[in-house]
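> What follows is a structure written as structure tokens; I'll ask about it next.
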Amino acid sequence: MSPSEASLQRVMQRANISSQRALAEKANVSRWQVQQLRQGNIDAMRLSVLKKMAMALDCSLADLLQTFDPARSENVSDAEAGASVTAEVHPENKVTSDATSEAALLRQEYTRLEKRLEQQSHSLRHQFQTDALQVLESWLTYWPTAAKAAMERDDFDAKKLLPLVKPVDRLVASWGVTVMGRVGEQLAYDPQQHQLTRGTANAGDPVRISHVGYRHGESLLQRVKVVPLNPD
């Protein structure tokens, strides 16, 4: 039995509710909502549904959240505590206090949902970039070499194509993709950063870059392709 299922049974016993169906009927919510609570998915449930279930279970919303979602309950407890003090000092203002409490709870719920949407947006944006980079992988690998050949041969009309791909360069740069090395550059072989296209080499041996590599933020997207300067 999961912790959330055990917690639900415990609070139902305290409220003398015999079954999950009975809880759904008493709270006037769907059995699916009760299943969500039983499975521990309280973070995905609407505040209005949780309030109905708390009333049916003869406990406060804060107590219900404390049982199933302690982190979320802290904000709700603060809001309810403030309203409770106001009601005790000025009983005639109970209606106003209830409205204030409701507004505070709604603000807390809005903030929580806003943060969740922001996190989901960031995750989707990163996934989109990853998918696009996979599509561009072949171009990223071979274009710098082709561009170098076009620039070094005066009779190679492909130079006219270079301006056409600048938007792609700007696109990947805006995603935080940085180029590693320059085609033709000579440097010491680093097995962590370089990939031999032929021959063998030990760490520190001189090699020449045949195809540049790429980083995406802090992650290595593609190692630099190199060839030994002194092949065996």
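If you're wondering about the labels, chains in the structure tokens are A, B, ... by order shown, residues count from 1 in each chain, ligands from 1 in order shown.
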Applying 10 Å and only C-alpha atoms, which residues near Arg14 of chain A remain after dropping the ones on its own chain fewer than 3 positions away? List them as a list in words.
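With the cut-off at 10 Å, the set is Gln9, Arg10, Val11, Ile17, Leu57, Asp58 and Cys59 of chain A.
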> Suppose we keep all heavy atoms; can you now write the selection as a PDB file, in the first residue's frame?

ATOM      1  N   GLN A   9      -6.980   6.271   3.647  1.00  0.00           N
ATOM      2  CA  GLN A   9      -7.750   5.365   4.500  1.00  0.00           C
ATOM      3  C   GLN A   9      -7.846   5.902   5.924  1.00  0.00           C
ATOM      4  O   GLN A   9      -8.898   5.819   6.567  1.00  0.00           O
ATOM      5  CB  GLN A   9      -7.100   3.974   4.504  1.00  0.00           C
ATOM      6  CG  GLN A   9      -7.336   3.174   3.240  1.00  0.00           C
ATOM      7  CD  GLN A   9      -6.922   1.719   3.405  1.00  0.00           C
ATOM      8  OE1 GLN A   9      -6.485   1.309   4.476  1.00  0.00           O
ATOM      9  NE2 GLN A   9      -7.056   0.947   2.336  1.00  0.00           N
ATOM     10  N   ARG A  10      -6.756   6.485   6.406  1.00  0.00           N
ATOM     11  CA  ARG A  10      -6.728   6.999   7.769  1.00  0.00           C
ATOM     12  C   ARG A  10      -7.704   8.161   7.951  1.00  0.00           C
ATOM     13  O   ARG A  10      -8.479   8.194   8.908  1.00  0.00           O
ATOM     14  CB  ARG A  10      -5.302   7.426   8.119  1.00  0.00           C
ATOM     15  CG  ARG A  10      -5.105   7.804   9.578  1.00  0.00           C
ATOM     16  CD  ARG A  10      -3.633   7.879   9.946  1.00  0.00           C
ATOM     17  NE  ARG A  10      -2.904   8.820   9.096  1.00  0.00           N
ATOM     18  CZ  ARG A  10      -2.044   8.452   8.154  1.00  0.00           C
ATOM     19  NH1 ARG A  10      -1.822   7.162   7.917  1.00  0.00           N
ATOM     20  NH2 ARG A  10      -1.402   9.365   7.439  1.00  0.00           N
ATOM     21  N   VAL A  11      -7.690   9.119   7.026  1.00  0.00           N
ATOM     22  CA  VAL A  11      -8.580  10.274   7.175  1.00  0.00           C
ATOM     23  C   VAL A  11     -10.035   9.878   6.922  1.00  0.00           C
ATOM     24  O   VAL A  11     -10.958  10.464   7.510  1.00  0.00           O
ATOM     25  CB  VAL A  11      -8.154  11.421   6.236  1.00  0.00           C
ATOM     26  CG1 VAL A  11      -6.791  11.962   6.634  1.00  0.00           C
ATOM     27  CG2 VAL A  11      -8.151  10.993   4.777  1.00  0.00           C
ATOM     28  N   ILE A  17     -16.152   7.457   6.944  1.00  0.00           N
ATOM     29  CA  ILE A  17     -16.530   7.251   5.545  1.00  0.00           C
ATOM     30  C   ILE A  17     -16.034   5.869   5.144  1.00  0.00           C
ATOM     31  O   ILE A  17     -14.843   5.570   5.239  1.00  0.00           O
ATOM     32  CB  ILE A  17     -15.927   8.333   4.638  1.00  0.00           C
ATOM     33  CG1 ILE A  17     -16.489   9.706   5.034  1.00  0.00           C
ATOM     34  CG2 ILE A  17     -16.215   8.047   3.178  1.00  0.00           C
ATOM     35  CD1 ILE A  17     -15.907  10.853   4.252  1.00  0.00           C
ATOM     36  N   LEU A  57     -14.320  15.287   4.591  1.00  0.00           N
ATOM     37  CA  LEU A  57     -13.489  14.531   5.528  1.00  0.00           C
ATOM     38  C   LEU A  57     -13.416  15.194   6.899  1.00  0.00           C
ATOM     39  O   LEU A  57     -12.641  14.765   7.761  1.00  0.00           O
ATOM     40  CB  LEU A  57     -12.072  14.376   4.953  1.00  0.00           C
ATOM     41  CG  LEU A  57     -11.958  13.470   3.718  1.00  0.00           C
ATOM     42  CD1 LEU A  57     -10.609  13.651   3.037  1.00  0.00           C
ATOM     43  CD2 LEU A  57     -12.169  12.008   4.113  1.00  0.00           C
ATOM     44  N   ASP A  58     -14.211  16.250   7.094  1.00  0.00           N
ATOM     45  CA  ASP A  58     -14.276  16.959   8.381  1.00  0.00           C
ATOM     46  C   ASP A  58     -12.909  17.468   8.833  1.00  0.00           C
ATOM     47  O   ASP A  58     -12.513  17.313   9.999  1.00  0.00           O
ATOM     48  CB  ASP A  58     -14.874  16.047   9.475  1.00  0.00           C
ATOM     49  CG  ASP A  58     -16.314  15.671   9.182  1.00  0.00           C
ATOM     50  OD1 ASP A  58     -17.027  16.504   8.582  1.00  0.00           O
ATOM     51  OD2 ASP A  58     -16.719  14.548   9.535  1.00  0.00           O
ATOM     52  N   CYS A  59     -12.177  18.045   7.893  1.00  0.00           N
ATOM     53  CA  CYS A  59     -10.888  18.637   8.241  1.00  0.00           C
ATOM     54  C   CYS A  59     -10.706  19.911   7.429  1.00  0.00           C
ATOM     55  O   CYS A  59     -11.453  20.175   6.484  1.00  0.00           O
ATOM     56  CB  CYS A  59      -9.740  17.661   7.974  1.00  0.00           C
ATOM     57  SG  CYS A  59      -9.485  17.253   6.228  1.00  0.00           S
TER      58      CYS A  59
END
> With only C-alpha atoms as the atoms that count, which of A:Leu164, A:Leu136, A:Ala27, A:Ala150 lies nearest to Gln222 of chain A?
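The closest residue to Gln222 of chain A is A:Leu136.
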> Calculated over only C-alpha atoms, which of the candidates A:Leu133, A:Met151, A:Ala15, A:Met53 has the smallest distance to Leu37 of chain A?
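For Leu37 of chain A, the nearest of the given residues is A:Met53.
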> For Thr145 of chain A, which of A:Ser210, A:Ser123, A:Gln193, A:Ser2 is the closest residue, counting only C-alpha atoms?
A:Ser210
> Show which residues sit within 9 Å of Glu185 of chain A, as a list in words. Count only C-alpha atoms, and ignore same-chain residues fewer than 6 positions away.
Val207, Arg208, Ile209 and Ser210 of chain A
> Excluding Asn202 of chain A and any residue of its chain fewer than 5 positions from it, enumerate the residues within 12 Å of it, using only C-alpha atoms, and give them as a ChimeraX atom specification.
/A:188-192,194-196,207,227-232
> Mind dumping the selected residues with N, CA and C atoms as an mmCIF file, in the first residue's frame?

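To be explicit, this is the file written out as again-v7.cif:
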data_model
loop_
_atom_site.group_PDB
_atom_site.id
_atom_site.type_symbol
_atom_site.label_atom_id
_atom_site.label_comp_id
_atom_site.auth_asym_id
_atom_site.auth_seq_id
_atom_site.Cartn_x
_atom_site.Cartn_y
_atom_site.Cartn_z
ATOM 1 N N ALA A 188 47.042 20.038 -30.018
ATOM 2 C CA ALA A 188 47.372 18.779 -29.359
ATOM 3 C C ALA A 188 46.116 17.922 -29.217
ATOM 4 N N TYR A 189 46.270 16.638 -29.456
ATOM 5 C CA TYR A 189 45.135 15.715 -29.416
ATOM 6 C C TYR A 189 44.613 15.540 -27.984
ATOM 7 N N ASP A 190 43.291 15.717 -27.841
ATOM 8 C CA ASP A 190 42.607 15.536 -26.558
ATOM 9 C C ASP A 190 41.474 14.542 -26.781
ATOM 10 N N PRO A 191 41.607 13.312 -26.291
ATOM 11 C CA PRO A 191 40.568 12.294 -26.543
ATOM 12 C C PRO A 191 39.184 12.689 -26.045
ATOM 13 N N GLN A 192 39.118 13.583 -25.049
ATOM 14 C CA GLN A 192 37.822 13.999 -24.520
ATOM 15 C C GLN A 192 37.102 14.970 -25.455
ATOM 16 N N HIS A 194 38.260 15.484 -28.931
ATOM 17 C CA HIS A 194 38.531 15.213 -30.343
ATOM 18 C C HIS A 194 38.150 13.789 -30.730
ATOM 19 N N GLN A 195 37.857 13.623 -32.018
ATOM 20 C CA GLN A 195 37.555 12.307 -32.583
ATOM 21 C C GLN A 195 38.425 12.104 -33.820
ATOM 22 N N LEU A 196 39.236 11.053 -33.799
ATOM 23 C CA LEU A 196 40.098 10.763 -34.943
ATOM 24 C C LEU A 196 39.266 10.235 -36.105
ATOM 25 N N VAL A 207 47.699 17.151 -34.043
ATOM 26 C CA VAL A 207 46.645 16.762 -34.980
ATOM 27 C C VAL A 207 46.136 18.016 -35.688
ATOM 28 N N VAL A 227 42.692 14.738 -37.693
ATOM 29 C CA VAL A 227 43.560 13.731 -38.325
ATOM 30 C C VAL A 227 44.972 13.931 -37.784
ATOM 31 N N PRO A 228 45.726 12.859 -37.608
ATOM 32 C CA PRO A 228 47.094 12.985 -37.095
ATOM 33 C C PRO A 228 47.995 13.714 -38.091
ATOM 34 N N LEU A 229 48.913 14.524 -37.568
ATOM 35 C CA LEU A 229 49.883 15.183 -38.442
ATOM 36 C C LEU A 229 51.000 14.228 -38.830
ATOM 37 N N ASN A 230 51.248 13.243 -37.995
ATOM 38 C CA ASN A 230 52.288 12.254 -38.268
ATOM 39 C C ASN A 230 51.660 10.862 -38.249
ATOM 40 N N PRO A 231 50.882 10.530 -39.286
ATOM 41 C CA PRO A 231 50.213 9.222 -39.287
ATOM 42 C C PRO A 231 51.214 8.083 -39.305
ATOM 43 N N ASP A 232 50.807 6.978 -38.656
ATOM 44 C CA ASP A 232 51.684 5.801 -38.622
ATOM 45 C C ASP A 232 51.829 5.194 -40.021
#
> Just give me the gap between atom CA of Arg223 of chain A and atom CA of Leu161 of chain A in Å, one decimal is fine.
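The value is 26.0 Å.
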> Provide the atom CA of Leu162 of chain A to atom CA of Ala147 of chain A distance in Å, to one decimal place.
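According to the coordinates, atom CA of Leu162 of chain A and atom CA of Ala147 of chain A are separated by 7.2 Å.
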> Step one, run DSSP on the backbone; step two, keep only residues of segment 2-228 of chain A assigned to strand (DSSP E or B); then write them as a PyMOL selection string.
chain A and resi 177-180+186-188+194-196+206-211+213-216+219-222+224-228
> Select, from A:Thr200, A:Thr141, A:Gln129, A:Gln33, the residue with the minimum atom-to-atom distance to Val179 of chain A, counting only C-alpha atoms.
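Closest residue, counting only C-alpha atoms: A:Thr141.
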